[in-house]
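One structure is given here, and the rest of the page talks about it.
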Amino acid sequence: HKAFLFAGESGAGKSTISALAPADAVLLTDEISYVSRRDNQYHAFGTPFTGELNHPGENVSAPVSALYFLAKGSENRIDTIDTAEAVRSLLSNILFFAKDDELVQALFHSAFEFVQHVPVRRLTFVPDDRVWELIT
């Protein structure tokens with residue numbers, strides 16, 4: 001098993017890409033993801049939070065294979081992004097409310113560590129199920 005994370009602004013296609021997933025895919029969440037590091041590998045866990053699909057995630061976990069920042073476009077393609085852009089984009093998608101300087105520094109460190117261990121890409125896609133041929 002492997003997990004794919006999809007992130008982006010409202011309207012980028014998170015619910016769309018989830019709805020287009022193959023029938024045998026397990027949806028961990030369509031709203032708020034939970035990711036934890038175990039040794040040098042990151043794992044995504046199912047959460048009960050529901051979004052547009054109104055489908056709670058399954059109570060399972062899998063190693064994270066990649067993080068994709070989504071964009072709708074006229075073709076399906078995956079582009080690499082540099083480390084700085086990956087960290088900035090990741091930070092803009094993390095729920096974080098603390099104002100403690102040590103916690104803020106720990107968050108920056110965690111985001112940097114994540115992009116060092118997990119491939120981070122931009123996925124531009126046409127909203128149909130052929131996009132999954134690129135992902136899997």
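For the structure tokens, the naming scheme is as follows: chains receive sequential letters (A, B, ...) according to their order of presentation, residues are indexed from 1 within each chain, and ligands are indexed from 1 in presentation order.
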
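Close contacts of Phe45 (chain A), defined as residues with an atom at most 10 Å away when counting only C-alpha atoms, with chain neighbours fewer than 6 positions off set aside, comprise Ala3, Leu27, Leu28, Thr29, Ser33, Tyr34, Val35, Ser36, Gly57, Glu58, Asn59, Val60, Ser61, Ala62, Pro63 and Val64 of chain A.
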
Could you please take those selected residues and save N, CA, C and O atoms as a PDB file, in the first residue's frame?
ATOM      1  N   ALA A   3       0.381   5.817   0.006  1.00  0.00           N
ATOM      2  CA  ALA A   3      -0.533   6.954   0.094  1.00  0.00           C
ATOM      3  C   ALA A   3      -0.024   8.087  -0.783  1.00  0.00           C
ATOM      4  O   ALA A   3       1.181   8.298  -0.911  1.00  0.00           O
ATOM      5  N   LEU A  27      -9.837   5.827   0.409  1.00  0.00           N
ATOM      6  CA  LEU A  27      -9.804   7.256   0.722  1.00  0.00           C
ATOM      7  C   LEU A  27      -9.500   7.436   2.203  1.00  0.00           C
ATOM      8  O   LEU A  27     -10.261   6.991   3.065  1.00  0.00           O
ATOM      9  N   LEU A  28      -8.360   8.063   2.485  1.00  0.00           N
ATOM     10  CA  LEU A  28      -7.982   8.318   3.879  1.00  0.00           C
ATOM     11  C   LEU A  28      -8.697   9.546   4.424  1.00  0.00           C
ATOM     12  O   LEU A  28      -8.979   9.627   5.611  1.00  0.00           O
ATOM     13  N   THR A  29      -8.954  10.516   3.564  1.00  0.00           N
ATOM     14  CA  THR A  29      -9.717  11.709   3.939  1.00  0.00           C
ATOM     15  C   THR A  29      -9.968  12.529   2.696  1.00  0.00           C
ATOM     16  O   THR A  29      -9.207  12.453   1.734  1.00  0.00           O
ATOM     17  N   SER A  33      -5.840  15.962   6.381  1.00  0.00           N
ATOM     18  CA  SER A  33      -4.947  14.813   6.417  1.00  0.00           C
ATOM     19  C   SER A  33      -4.140  14.785   7.708  1.00  0.00           C
ATOM     20  O   SER A  33      -3.835  15.836   8.269  1.00  0.00           O
ATOM     21  N   TYR A  34      -3.798  13.586   8.138  1.00  0.00           N
ATOM     22  CA  TYR A  34      -2.904  13.420   9.276  1.00  0.00           C
ATOM     23  C   TYR A  34      -1.703  12.612   8.795  1.00  0.00           C
ATOM     24  O   TYR A  34      -1.859  11.511   8.263  1.00  0.00           O
ATOM     25  N   VAL A  35      -0.507  13.203   8.966  1.00  0.00           N
ATOM     26  CA  VAL A  35       0.728  12.568   8.530  1.00  0.00           C
ATOM     27  C   VAL A  35       1.683  12.531   9.712  1.00  0.00           C
ATOM     28  O   VAL A  35       1.822  13.518  10.440  1.00  0.00           O
ATOM     29  N   SER A  36       2.338  11.392   9.897  1.00  0.00           N
ATOM     30  CA  SER A  36       3.270  11.242  10.999  1.00  0.00           C
ATOM     31  C   SER A  36       4.541  10.559  10.499  1.00  0.00           C
ATOM     32  O   SER A  36       4.484   9.709   9.604  1.00  0.00           O
ATOM     33  N   GLY A  57     -12.826   9.222   6.148  1.00  0.00           N
ATOM     34  CA  GLY A  57     -11.689   8.391   5.770  1.00  0.00           C
ATOM     35  C   GLY A  57     -11.711   7.044   6.458  1.00  0.00           C
ATOM     36  O   GLY A  57     -12.306   6.869   7.517  1.00  0.00           O
ATOM     37  N   GLU A  58     -11.040   6.090   5.821  1.00  0.00           N
ATOM     38  CA  GLU A  58     -10.910   4.755   6.395  1.00  0.00           C
ATOM     39  C   GLU A  58      -9.892   4.787   7.534  1.00  0.00           C
ATOM     40  O   GLU A  58      -8.941   5.564   7.513  1.00  0.00           O
ATOM     41  N   ASN A  59     -10.065   3.929   8.512  1.00  0.00           N
ATOM     42  CA  ASN A  59      -9.179   3.858   9.670  1.00  0.00           C
ATOM     43  C   ASN A  59      -7.987   2.961   9.350  1.00  0.00           C
ATOM     44  O   ASN A  59      -7.836   1.867   9.889  1.00  0.00           O
ATOM     45  N   VAL A  60      -7.145   3.430   8.409  1.00  0.00           N
ATOM     46  CA  VAL A  60      -5.949   2.704   7.984  1.00  0.00           C
ATOM     47  C   VAL A  60      -4.835   3.716   7.760  1.00  0.00           C
ATOM     48  O   VAL A  60      -5.067   4.928   7.797  1.00  0.00           O
ATOM     49  N   SER A  61      -3.634   3.214   7.535  1.00  0.00           N
ATOM     50  CA  SER A  61      -2.517   4.104   7.212  1.00  0.00           C
ATOM     51  C   SER A  61      -1.676   3.455   6.116  1.00  0.00           C
ATOM     52  O   SER A  61      -1.767   2.251   5.877  1.00  0.00           O
ATOM     53  N   ALA A  62      -0.869   4.294   5.475  1.00  0.00           N
ATOM     54  CA  ALA A  62       0.036   3.800   4.428  1.00  0.00           C
ATOM     55  C   ALA A  62       1.205   4.766   4.307  1.00  0.00           C
ATOM     56  O   ALA A  62       1.069   5.963   4.607  1.00  0.00           O
ATOM     57  N   PRO A  63       2.366   4.278   3.865  1.00  0.00           N
ATOM     58  CA  PRO A  63       3.512   5.167   3.657  1.00  0.00           C
ATOM     59  C   PRO A  63       3.196   6.185   2.554  1.00  0.00           C
ATOM     60  O   PRO A  63       2.573   5.853   1.550  1.00  0.00           O
ATOM     61  N   VAL A  64       3.642   7.407   2.759  1.00  0.00           N
ATOM     62  CA  VAL A  64       3.410   8.463   1.779  1.00  0.00           C
ATOM     63  C   VAL A  64       4.381   8.283   0.622  1.00  0.00           C
ATOM     64  O   VAL A  64       5.599   8.281   0.813  1.00  0.00           O
TER      65      VAL A  64
END

Identify which of the residues A:Ile78, A:Ala84, A:Ile17, A:Ala111 lies closest to Glu52 (chain A), counting only C-alpha atoms when measuring atom-to-atom distances.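 Nearest candidate to Glu52 (chain A) out of A:Ile78, A:Ala84, A:Ile17, A:Ala111: A:Ile17.
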
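With distances restricted to only C-alpha atoms, A:Ser110 is the closest residue to Leu91 (chain A) from A:Thr124, A:Ser110, A:Ser10, A:Ser74.
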
CA of His43 (chain A) to CA of Val118 (chain A): how many Å, to one decimal?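 Answer for the CA of His43 (chain A) to CA of Val118 (chain A) separation: 10.4 Å.
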
Mind the document's chain letters and residue numbers, and return as a ChimeraX atom specification the residues of region 31-90 of chain A that DSSP labels alpha helix (DSSP H). /A:83-90

Which neighbours of Asn54 (chain A) fall inside 12 Å, counting only C-alpha atoms, when residues of the same chain fewer than 2 positions from it are skipped, and could you give them as a PyMOL selection string? chain A and resi 15+18-19+27+29-31+48-52+56-57

Could you tell me, as JSON, numbers by chain, which residues of chain A DSSP assigns to strand (DSSP E or B) when given the backbone? {"A": [3, 4, 5, 6, 7, 34, 35, 36, 37, 38, 41, 42, 43, 44, 45, 61, 62, 63, 64, 65, 66, 67, 68, 69, 70, 71, 72, 77, 78, 79, 80, 120, 121, 122, 123, 124, 125]}

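Between Tyr42 (chain A) and the candidates A:Glu9, A:Glu113, A:Asp79, A:Glu102, the tightest atom-to-atom separation, counting only C-alpha atoms, involves A:Glu113.
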
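When CA of Asp39 (chain A) is paired with CA of Leu134 (chain A), their separation reads 28.3 Å.
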
Would you please work out which residue, of A:Lys72, A:His55, A:Arg37, A:His109, is nearest to Val87 (chain A) when using only C-alpha atoms? A:His109

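Between CA of Gln116 (chain A) and CA of Ala66 (chain A) the interatomic distance comes to 11.5 Å.
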
Neighbours of Arg130 (chain A) within 12 Å (only C-alpha atoms; same-chain residues fewer than 3 positions away dropped), as a list of chain:residue names? A:Ile17, A:Leu20, A:Ala21, A:Pro22, A:Glu75, A:Asn76, A:Arg77, A:Phe125, A:Val126, A:Pro127, A:Glu133, A:Leu134, A:Ile135, A:Thr136
